[in-house]
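Engineer: Following this message is one structure expressed as structure tokens.
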Amino acid sequence: MMSAGKPARPAGIGLYGGTFDPIHTAHLRLARALRDELALDSVRLIPSGVPPHRPPPHASADHRLAMTRLAVAGEPGLDVDARELTPGASGYTVDTLAALRREVGPTLPLWWLIGADQLAGLERWHRWQDLLALANLAVAARPGFGSLPLPPAVDALWQSRQATDFANFPAAGRIRALTLSPVDVSATAIRADLAAGGDGLGALPPAVLGYIRRHRLYRIESI
């Protein structure tokens, strides 16, 4: 029981953006790790529209949103946030974070999950210097991440902003690595397997695989 007069640590929210084209078990593993390692109340998976720096997704926004909702159904603490699929959404992470920060207020910790490769390319993100004013960053780091070369400005950020006191998360401004063993699966390989008539390499939640088959997604002509 918490002692009288001691304020409770604000419950945090994790944020995990991606095309989820399709969502697969490695995505869910990352979302669960973010939730569990940081003891967050919830993690919101945020399907992206047309990413600013990547080719457009293979499946439509409606299909990707439906698959993401099926994948997290019944998963404690995992939710779906469709804001980046709304008309007029910029697709920039900084705009999504700014909108979320306005909604939750200035004191609730927000953690945006990125991959180690995304950290290395952070300088290419729109208004990347503003990200840590809005949220913390959780970096999904594979073994050997420490030897990954980072651009000088990003390395300086990494060295100066690493979280050390995990009992008192700030609302924004810190970086923490989530060290995970590698999973040899990719959405590209899953789509190719589906196009060849496979089951997505066994890496799809059953409800998602059923949805893909019902709607005949990722057929050869669409890969």
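Chain identifiers are assigned as A, B, and so on, following the order in which chains appear in the structure tokens; residues are numbered from 1 within each chain, and ligands are numbered from 1 in order of appearance.
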If we count only C-alpha atoms and set the cut-off at 9 Å, which residues sit around range 161-178 of chain A, ignoring sequence neighbours fewer than 3 positions away in its own chain? Please answer as an NGL selection string.
Structural biologist: :A and (9-10 or 12 or 30 or 33-34 or 37-38 or 106-111 or 116 or 131-142 or 156-158)
Engineer: Could you dump the residues just selected with N, CA, C and O atoms as a compact mmCIF listing (two decimals), in the first residue's frame?
Structural biologist:
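Okay, selection27.txt is ready:
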# COMPACT_ATOMS: atom_id res chain seq x y z
N ARG A 9 2.92 7.30 -9.21
CA ARG A 9 3.58 7.57 -10.48
C ARG A 9 2.54 7.53 -11.59
O ARG A 9 1.72 6.62 -11.65
N PRO A 10 2.51 8.53 -12.48
CA PRO A 10 1.52 8.52 -13.55
C PRO A 10 1.65 7.26 -14.40
O PRO A 10 2.76 6.82 -14.71
N GLY A 12 1.76 5.16 -17.65
CA GLY A 12 2.22 5.55 -18.97
C GLY A 12 1.46 4.86 -20.09
O GLY A 12 0.77 3.86 -19.89
N LEU A 30 6.71 -7.32 -29.77
CA LEU A 30 7.25 -6.01 -29.42
C LEU A 30 6.27 -5.21 -28.57
O LEU A 30 6.67 -4.56 -27.60
N ALA A 33 6.30 -6.57 -25.08
CA ALA A 33 7.54 -6.22 -24.38
C ALA A 33 7.51 -4.78 -23.91
O ALA A 33 7.92 -4.47 -22.78
N LEU A 34 7.01 -3.89 -24.75
CA LEU A 34 6.89 -2.48 -24.37
C LEU A 34 5.96 -2.34 -23.17
O LEU A 34 6.28 -1.64 -22.19
N GLU A 37 7.80 -4.45 -19.94
CA GLU A 37 9.06 -3.96 -19.40
C GLU A 37 8.93 -2.58 -18.76
O GLU A 37 9.63 -2.25 -17.82
N LEU A 38 8.01 -1.78 -19.28
CA LEU A 38 7.82 -0.44 -18.74
C LEU A 38 6.59 -0.35 -17.84
O LEU A 38 6.26 0.74 -17.36
N PRO A 106 0.14 17.33 -19.94
CA PRO A 106 1.60 17.45 -19.92
C PRO A 106 2.32 16.46 -19.01
O PRO A 106 3.54 16.35 -19.09
N THR A 107 1.62 15.73 -18.14
CA THR A 107 2.32 14.93 -17.13
C THR A 107 2.30 13.43 -17.38
O THR A 107 3.07 12.70 -16.76
N LEU A 108 1.45 12.95 -18.26
CA LEU A 108 1.37 11.51 -18.49
C LEU A 108 2.54 11.04 -19.35
O LEU A 108 2.76 11.55 -20.43
N PRO A 109 3.32 10.04 -18.89
CA PRO A 109 4.42 9.54 -19.72
C PRO A 109 3.92 8.87 -21.00
O PRO A 109 3.01 8.05 -20.96
N LEU A 110 4.52 9.25 -22.11
CA LEU A 110 4.27 8.62 -23.40
C LEU A 110 5.58 7.99 -23.86
O LEU A 110 6.64 8.61 -23.77
N TRP A 111 5.50 6.77 -24.37
CA TRP A 111 6.67 6.05 -24.89
C TRP A 111 6.41 5.65 -26.33
O TRP A 111 5.52 4.85 -26.60
N ALA A 116 15.99 -0.06 -33.84
CA ALA A 116 17.35 0.47 -33.81
C ALA A 116 17.72 1.13 -35.14
O ALA A 116 18.42 2.15 -35.16
N LEU A 131 10.81 15.56 -31.07
CA LEU A 131 10.16 14.32 -30.62
C LEU A 131 10.26 14.14 -29.11
O LEU A 131 9.29 13.79 -28.44
N LEU A 132 11.46 14.37 -28.55
CA LEU A 132 11.66 14.11 -27.13
C LEU A 132 11.05 15.19 -26.24
O LEU A 132 11.01 15.02 -25.02
N ALA A 133 10.59 16.28 -26.83
CA ALA A 133 9.82 17.24 -26.04
C ALA A 133 8.39 16.76 -25.84
O ALA A 133 7.68 17.26 -24.96
N LEU A 134 7.99 15.77 -26.63
CA LEU A 134 6.61 15.28 -26.60
C LEU A 134 6.47 13.90 -25.97
O LEU A 134 5.42 13.56 -25.42
N ALA A 135 7.53 13.09 -26.04
CA ALA A 135 7.43 11.71 -25.57
C ALA A 135 8.82 11.19 -25.25
O ALA A 135 9.85 11.81 -25.56
N ASN A 136 8.86 10.03 -24.61
CA ASN A 136 10.08 9.25 -24.45
C ASN A 136 10.20 8.30 -25.65
O ASN A 136 9.20 8.00 -26.32
N LEU A 137 11.39 7.82 -25.91
CA LEU A 137 11.61 6.84 -26.97
C LEU A 137 12.04 5.51 -26.38
O LEU A 137 12.95 5.45 -25.55
N ALA A 138 11.37 4.44 -26.78
CA ALA A 138 11.79 3.08 -26.45
C ALA A 138 12.35 2.48 -27.73
O ALA A 138 11.68 2.46 -28.76
N VAL A 139 13.58 2.00 -27.69
CA VAL A 139 14.26 1.49 -28.87
C VAL A 139 14.32 -0.03 -28.79
O VAL A 139 14.90 -0.59 -27.85
N ALA A 140 13.73 -0.70 -29.76
CA ALA A 140 13.78 -2.16 -29.83
C ALA A 140 15.17 -2.53 -30.35
O ALA A 140 15.44 -2.44 -31.55
N ALA A 141 16.05 -2.93 -29.45
CA ALA A 141 17.45 -3.14 -29.78
C ALA A 141 17.78 -4.62 -29.79
O ALA A 141 17.58 -5.32 -28.80
N ARG A 142 18.30 -5.09 -30.92
CA ARG A 142 18.76 -6.47 -31.01
C ARG A 142 20.15 -6.58 -30.38
O ARG A 142 20.84 -5.56 -30.21
N ALA A 156 24.78 11.78 -29.64
CA ALA A 156 24.78 12.69 -28.49
C ALA A 156 23.46 12.61 -27.74
O ALA A 156 23.43 12.63 -26.50
N LEU A 157 22.36 12.51 -28.49
CA LEU A 157 21.05 12.38 -27.87
C LEU A 157 20.97 11.06 -27.10
O LEU A 157 20.49 11.02 -25.96
N TRP A 158 21.43 9.99 -27.72
CA TRP A 158 21.40 8.67 -27.10
C TRP A 158 22.20 8.67 -25.80
O TRP A 158 21.77 8.12 -24.78
Engineer: DSSP on the backbone: what in range 38-162 of chain A comes out strand (DSSP E), as an NGL selection string?
Structural biologist: :A and (42-47 or 78-80 or 110-115 or 136-141)
Engineer: With C-alpha atoms retained, could you export that selection as a short mmCIF file (atom, residue, chain, number, x, y, z; two decimals), in the first residue's frame?
Structural biologist:
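Dumped to selection_27.cif:
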data_model
loop_
_atom_site.label_atom_id
_atom_site.label_comp_id
_atom_site.auth_asym_id
_atom_site.auth_seq_id
_atom_site.Cartn_x
_atom_site.Cartn_y
_atom_site.Cartn_z
CA SER A 42 -1.71 0.36 -22.32
CA VAL A 43 0.07 0.22 -25.66
CA ARG A 44 -1.65 1.72 -28.68
CA LEU A 45 -0.82 0.27 -32.07
CA ILE A 46 -1.09 3.03 -34.66
CA PRO A 47 -1.46 1.87 -38.28
CA LEU A 78 -3.15 -3.57 -26.26
CA ASP A 79 -5.37 -1.17 -28.20
CA VAL A 80 -5.60 0.32 -31.69
CA LEU A 110 4.27 8.62 -23.40
CA TRP A 111 6.67 6.05 -24.89
CA TRP A 112 7.07 5.85 -28.68
CA LEU A 113 8.55 2.54 -29.83
CA ILE A 114 11.08 2.58 -32.67
CA GLY A 115 13.60 0.10 -34.06
CA ASN A 136 10.08 9.25 -24.45
CA LEU A 137 11.61 6.84 -26.97
CA ALA A 138 11.79 3.08 -26.45
CA VAL A 139 14.26 1.49 -28.87
CA ALA A 140 13.78 -2.16 -29.83
CA ALA A 141 17.45 -3.14 -29.78
#
Engineer: Within 7 Å of Arg64 in chain A, counting only C-alpha atoms, which residues show up once you throw out same-chain ones fewer than 3 positions away? Write them as a PyMOL selection string, please.
Structural biologist: chain A and resi 20-22+59-61+67-68
Engineer: Just the selected residues (C-alpha atoms), exported as an mmCIF file, in the first residue's frame, please.
Structural biologist:
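Wrote it out as again21.cif, contents follow:
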data_model
loop_
_atom_site.group_PDB
_atom_site.id
_atom_site.type_symbol
_atom_site.label_atom_id
_atom_site.label_comp_id
_atom_site.auth_asym_id
_atom_site.auth_seq_id
_atom_site.Cartn_x
_atom_site.Cartn_y
_atom_site.Cartn_z
ATOM 1 C CA PHE A 20 1.157 -3.511 -40.171
ATOM 2 C CA ASP A 21 0.960 -4.877 -43.702
ATOM 3 C CA PRO A 22 0.064 -7.420 -42.376
ATOM 4 C CA ALA A 59 -3.236 -3.593 -48.314
ATOM 5 C CA SER A 60 -5.695 -0.725 -47.974
ATOM 6 C CA ALA A 61 -5.974 1.314 -44.813
ATOM 7 C CA MET A 67 -6.341 -6.857 -39.187
ATOM 8 C CA THR A 68 -4.690 -4.873 -36.411
#
Engineer: Extract, using only C-alpha atoms, all DNA, RNA and protein residues at most 12 Å from Gly91 in chain A, discarding same-chain residues fewer than 3 positions from it, and format them as a PyMOL selection string.
Structural biologist: chain A and resi 17-19+46-54+56+82-88+94-97+125-126
Engineer: Keeping N, CA and C atoms for every residue in the selection just given, could you write it to a file as a tab-separated table (two decimals), in the first residue's frame?
Structural biologist:
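Saved as again.tsv:
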chain	number	residue	atom	x	y	z
A	17	GLY	N	3.84	2.63	-33.85
A	17	GLY	CA	3.35	2.89	-35.20
A	17	GLY	C	3.97	1.97	-36.23
A	18	GLY	N	3.24	1.72	-37.30
A	18	GLY	CA	3.75	0.90	-38.38
A	18	GLY	C	2.69	0.70	-39.44
A	19	THR	N	3.11	0.17	-40.59
A	19	THR	CA	2.12	-0.10	-41.63
A	19	THR	C	1.27	-1.31	-41.27
A	46	ILE	N	-0.63	1.94	-33.81
A	46	ILE	CA	-1.09	3.03	-34.66
A	46	ILE	C	-0.77	2.71	-36.12
A	47	PRO	N	-1.72	2.12	-36.86
A	47	PRO	CA	-1.46	1.87	-38.28
A	47	PRO	C	-1.25	3.18	-39.03
A	48	SER	N	-0.22	3.21	-39.86
A	48	SER	CA	0.08	4.44	-40.60
A	48	SER	C	-0.71	4.48	-41.90
A	49	GLY	N	-0.87	5.69	-42.41
A	49	GLY	CA	-1.50	5.87	-43.70
A	49	GLY	C	-0.48	5.55	-44.78
A	50	VAL	N	-0.15	6.53	-45.60
A	50	VAL	CA	0.92	6.38	-46.57
A	50	VAL	C	2.17	6.99	-45.95
A	51	PRO	N	3.13	6.16	-45.53
A	51	PRO	CA	4.30	6.70	-44.83
A	51	PRO	C	5.06	7.70	-45.69
A	52	PRO	N	5.53	8.80	-45.09
A	52	PRO	CA	6.21	9.83	-45.88
A	52	PRO	C	7.49	9.35	-46.56
A	53	HIS	N	8.19	8.37	-45.95
A	53	HIS	CA	9.50	7.97	-46.48
A	53	HIS	C	9.54	6.52	-46.96
A	54	ARG	N	8.38	5.92	-47.22
A	54	ARG	CA	8.35	4.52	-47.66
A	54	ARG	C	7.33	4.35	-48.78
A	56	PRO	N	3.98	3.00	-50.65
A	56	PRO	CA	2.66	2.79	-50.05
A	56	PRO	C	2.45	1.33	-49.67
A	82	ALA	N	-6.53	4.72	-34.59
A	82	ALA	CA	-6.63	4.87	-36.05
A	82	ALA	C	-6.40	6.29	-36.54
A	83	ARG	N	-5.85	7.17	-35.71
A	83	ARG	CA	-5.78	8.59	-36.07
A	83	ARG	C	-4.96	8.86	-37.34
A	84	GLU	N	-3.93	8.07	-37.62
A	84	GLU	CA	-3.11	8.35	-38.80
A	84	GLU	C	-3.78	7.92	-40.09
A	85	LEU	N	-4.92	7.25	-39.99
A	85	LEU	CA	-5.67	6.84	-41.18
A	85	LEU	C	-6.79	7.81	-41.51
A	86	THR	N	-6.97	8.84	-40.69
A	86	THR	CA	-8.04	9.79	-40.94
A	86	THR	C	-7.65	10.76	-42.06
A	87	PRO	N	-8.63	11.24	-42.82
A	87	PRO	CA	-8.31	12.20	-43.89
A	87	PRO	C	-7.58	13.42	-43.33
A	88	GLY	N	-6.54	13.82	-44.02
A	88	GLY	CA	-5.79	15.01	-43.60
A	88	GLY	C	-4.65	14.73	-42.65
A	94	VAL	N	5.85	13.34	-35.36
A	94	VAL	CA	5.82	14.51	-34.48
A	94	VAL	C	4.41	15.09	-34.40
A	95	ASP	N	3.65	15.05	-35.49
A	95	ASP	CA	2.28	15.57	-35.46
A	95	ASP	C	1.36	14.64	-34.66
A	96	THR	N	1.57	13.33	-34.81
A	96	THR	CA	0.78	12.37	-34.02
A	96	THR	C	1.05	12.55	-32.54
A	97	LEU	N	2.32	12.69	-32.17
A	97	LEU	CA	2.67	12.88	-30.77
A	97	LEU	C	2.12	14.18	-30.22
A	125	TRP	N	13.85	12.19	-39.94
A	125	TRP	CA	12.45	12.34	-39.56
A	125	TRP	C	12.08	13.82	-39.53
A	126	HIS	N	10.84	14.10	-39.87
A	126	HIS	CA	10.33	15.47	-39.85
A	126	HIS	C	10.37	16.02	-38.42
Engineer: Taking the DSSP assignment computed from this structure's backbone, write out as a CSV table (one decimal) with C-alpha atoms, in the first residue's frame all residues of chain A that belong to helix (DSSP H, G or I).
Structural biologist:
chain,number,residue,atom,x,y,z
A,25,THR,CA,3.5,-12.2,-34.3
A,26,ALA,CA,6.8,-10.2,-34.1
A,27,HIS,CA,4.7,-7.0,-33.9
A,28,LEU,CA,2.7,-8.4,-31.1
A,29,ARG,CA,5.8,-9.5,-29.3
A,30,LEU,CA,7.3,-6.0,-29.4
A,31,ALA,CA,4.0,-4.5,-28.2
A,32,ARG,CA,3.9,-6.9,-25.2
A,33,ALA,CA,7.5,-6.2,-24.4
A,34,LEU,CA,6.9,-2.5,-24.4
A,35,ARG,CA,3.9,-3.0,-22.1
A,36,ASP,CA,5.5,-5.4,-19.7
A,37,GLU,CA,9.1,-4.0,-19.4
A,61,ALA,CA,-6.0,1.3,-44.8
A,62,ASP,CA,-9.3,-0.3,-44.0
A,63,HIS,CA,-7.9,-3.8,-44.3
A,64,ARG,CA,-4.8,-3.0,-42.2
A,65,LEU,CA,-6.9,-1.4,-39.5
A,66,ALA,CA,-9.2,-4.4,-39.4
A,67,MET,CA,-6.3,-6.9,-39.2
A,68,THR,CA,-4.7,-4.9,-36.4
A,69,ARG,CA,-7.9,-4.8,-34.4
A,70,LEU,CA,-8.3,-8.6,-34.9
A,71,ALA,CA,-4.7,-9.2,-33.8
A,72,VAL,CA,-5.1,-7.3,-30.4
A,83,ARG,CA,-5.8,8.6,-36.1
A,84,GLU,CA,-3.1,8.3,-38.8
A,85,LEU,CA,-5.7,6.8,-41.2
A,93,THR,CA,5.3,11.1,-36.0
A,94,VAL,CA,5.8,14.5,-34.5
A,95,ASP,CA,2.3,15.6,-35.5
A,96,THR,CA,0.8,12.4,-34.0
A,97,LEU,CA,2.7,12.9,-30.8
A,98,ALA,CA,1.6,16.5,-30.6
A,99,ALA,CA,-2.0,15.6,-30.9
A,100,LEU,CA,-1.7,12.8,-28.3
A,101,ARG,CA,0.1,15.2,-25.9
A,102,ARG,CA,-2.7,17.7,-26.2
A,103,GLU,CA,-5.2,14.9,-25.4
A,104,VAL,CA,-3.5,13.4,-22.4
A,116,ALA,CA,17.4,0.5,-33.8
A,117,ASP,CA,17.5,1.2,-37.5
A,118,GLN,CA,15.0,4.0,-37.1
A,119,LEU,CA,17.1,5.5,-34.3
A,120,ALA,CA,20.1,5.5,-36.6
A,122,LEU,CA,16.3,9.7,-36.8
A,123,GLU,CA,17.8,12.8,-38.4
A,124,ARG,CA,15.7,12.1,-41.5
A,128,TRP,CA,13.1,15.1,-35.2
A,129,GLN,CA,14.5,17.5,-32.6
A,130,ASP,CA,11.0,18.0,-31.2
A,131,LEU,CA,10.2,14.3,-30.6
A,132,LEU,CA,11.7,14.1,-27.1
A,133,ALA,CA,9.8,17.2,-26.0
A,134,LEU,CA,6.6,15.3,-26.6
A,145,PHE,CA,23.0,-2.8,-30.9
A,146,GLY,CA,25.8,-1.1,-28.9
A,147,SER,CA,28.2,-1.4,-31.8
A,152,PRO,CA,26.9,12.4,-34.2
A,153,ALA,CA,23.8,14.3,-33.3
A,154,VAL,CA,21.8,11.2,-32.7
A,155,ASP,CA,24.6,9.6,-30.7
A,156,ALA,CA,24.8,12.7,-28.5
A,157,LEU,CA,21.0,12.4,-27.9
A,158,TRP,CA,21.4,8.7,-27.1
A,159,GLN,CA,24.2,9.3,-24.6
A,160,SER,CA,22.6,12.2,-22.8
A,161,ARG,CA,18.9,11.0,-22.7
A,187,ALA,CA,6.2,-8.7,-43.6
A,188,THR,CA,7.9,-8.9,-47.0
A,189,ALA,CA,8.6,-12.6,-46.6
A,190,ILE,CA,5.1,-13.2,-45.1
A,191,ARG,CA,3.4,-11.5,-48.1
A,192,ALA,CA,5.5,-13.6,-50.5
A,193,ASP,CA,4.5,-16.8,-48.7
A,194,LEU,CA,0.8,-15.8,-48.8
A,195,ALA,CA,1.1,-15.0,-52.5
A,206,PRO,CA,-5.3,-17.1,-36.7
A,207,ALA,CA,-7.9,-14.4,-36.9
A,208,VAL,CA,-5.6,-12.3,-39.2
A,209,LEU,CA,-4.9,-15.2,-41.4
A,210,GLY,CA,-8.6,-16.0,-41.7
A,211,TYR,CA,-9.3,-12.3,-42.6
A,212,ILE,CA,-6.6,-12.4,-45.3
A,213,ARG,CA,-8.0,-15.5,-46.9
A,214,ARG,CA,-11.6,-14.2,-46.8
A,215,HIS,CA,-10.6,-11.0,-48.5
A,220,ILE,CA,0.5,-12.5,-56.5
A,221,GLU,CA,-0.8,-9.6,-58.6
A,222,SER,CA,-0.8,-7.3,-55.5
Engineer: Would you please work out which residue, of A:Gly105, A:Ile23, A:Asp199, A:Leu150, is nearest to Gly121 in chain A when using only C-alpha atoms?
Structural biologist: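 That would be A:Leu150, the residue with the smallest distance to Gly121 in chain A.
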Engineer: Quick check, in Å to one decimal: how far apart do CA of Leu204 in chain A and CA of Leu148 in chain A lie?
Structural biologist: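 Answer for the CA of Leu204 in chain A to CA of Leu148 in chain A separation: 29.9 Å.
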Engineer: Expressed in Å to a single decimal, how great is the separation between CA of Ile13 in chain A and CA of Pro76 in chain A?
Structural biologist: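 Pair CA of Ile13 in chain A / CA of Pro76 in chain A returns 13.3 Å.
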